[in-house]
Each structure stands twice: as structure tokens, then as C-alpha cells.
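Encoded as C-alpha cells, the structure appears first; notes follow it.
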Amino acid sequence: MLQRLQSFGQYWNHQLRKSSNATSLILERLYYAEGRHNPGHPLHGRFDGLDISTRA
């Protein structure tokens with residue numbers, strides 16, 4: 001399920017790159033889907049790696 005949500009987010013992020021509000025919403029949803037909103041998560045507070053264009 002998480003992988004499907006990420007794929008969906010990556011698709012829309014690519015399609016709506018010019019719209020920063022839409023991109024921000026997608027990244028926020030991916031952030032919560034991965035559980036990064038929990039203080040115990042190792043990547044809590046970071047959005048790194050949620051967008052495919054930022055991956056090497």
C-alpha cells in the first residue's frame with residue numbers, strides 16, 4: 001500500500017511540479033504515510049527521499 005501511495009505521489013508530483021501547493025500536499029501525505037510524523041521515526045521532521053526527483 002505504501003509503495004502504491006508513493007508511486008501515486010511521484011506521478012502527481014511530476015505532473016504538477018509547477019504547482020507548489022499541490023506538490024506540498026502530496027509530500028505531506030507521503031510523510032504521514034511513512035510514519036515520519038511520529039517522534040520515534042528515524043526520519044521524523046525530514047522530507048528527504050519522498051520525491052523521486054531527489055533520489056540518486
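If you're wondering about the labels, chains in the C-alpha cells are A, B, ... by order shown, residues count from 1 in each chain, ligands from 1 in order shown.
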List the neighbours of A:Gly45 out to 12 Å using only C-alpha atoms; skip same-chain residues closer than 6 positions along the sequence, and give me the result as a PyMOL selection string. chain A and resi 28+31-32+34-39
Quick one: write out the picked residues with C-alpha atoms as a CSV table (one decimal), in the first residue's frame?
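Okay, this is what ended up in out_10.csv:
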```csv
chain,number,residue,atom,x,y,z
A,28,GLU,CA,2.9,15.9,3.3
A,31,TYR,CA,5.4,12.0,5.0
A,32,TYR,CA,2.4,10.8,7.1
A,34,GLU,CA,5.7,6.6,6.0
A,35,GLY,CA,5.0,7.4,9.7
A,36,ARG,CA,7.5,10.2,9.8
A,37,HIS,CA,5.1,12.3,11.8
A,38,ASN,CA,5.8,10.0,14.8
A,39,PRO,CA,8.6,11.4,17.0
```
Hey, can you check how far atom CA of A:Arg4 sits from atom CA of A:Gly40?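 Pair atom CA of A:Arg4 / atom CA of A:Gly40 returns 24.0 Å.
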Spatial neighbours of A:Leu50, max dist 7 Å, only C-alpha atoms, sep filter under 2 positions, as a list in words: Leu27, Leu30, Phe47, Asp48 and Ile52 of chain A
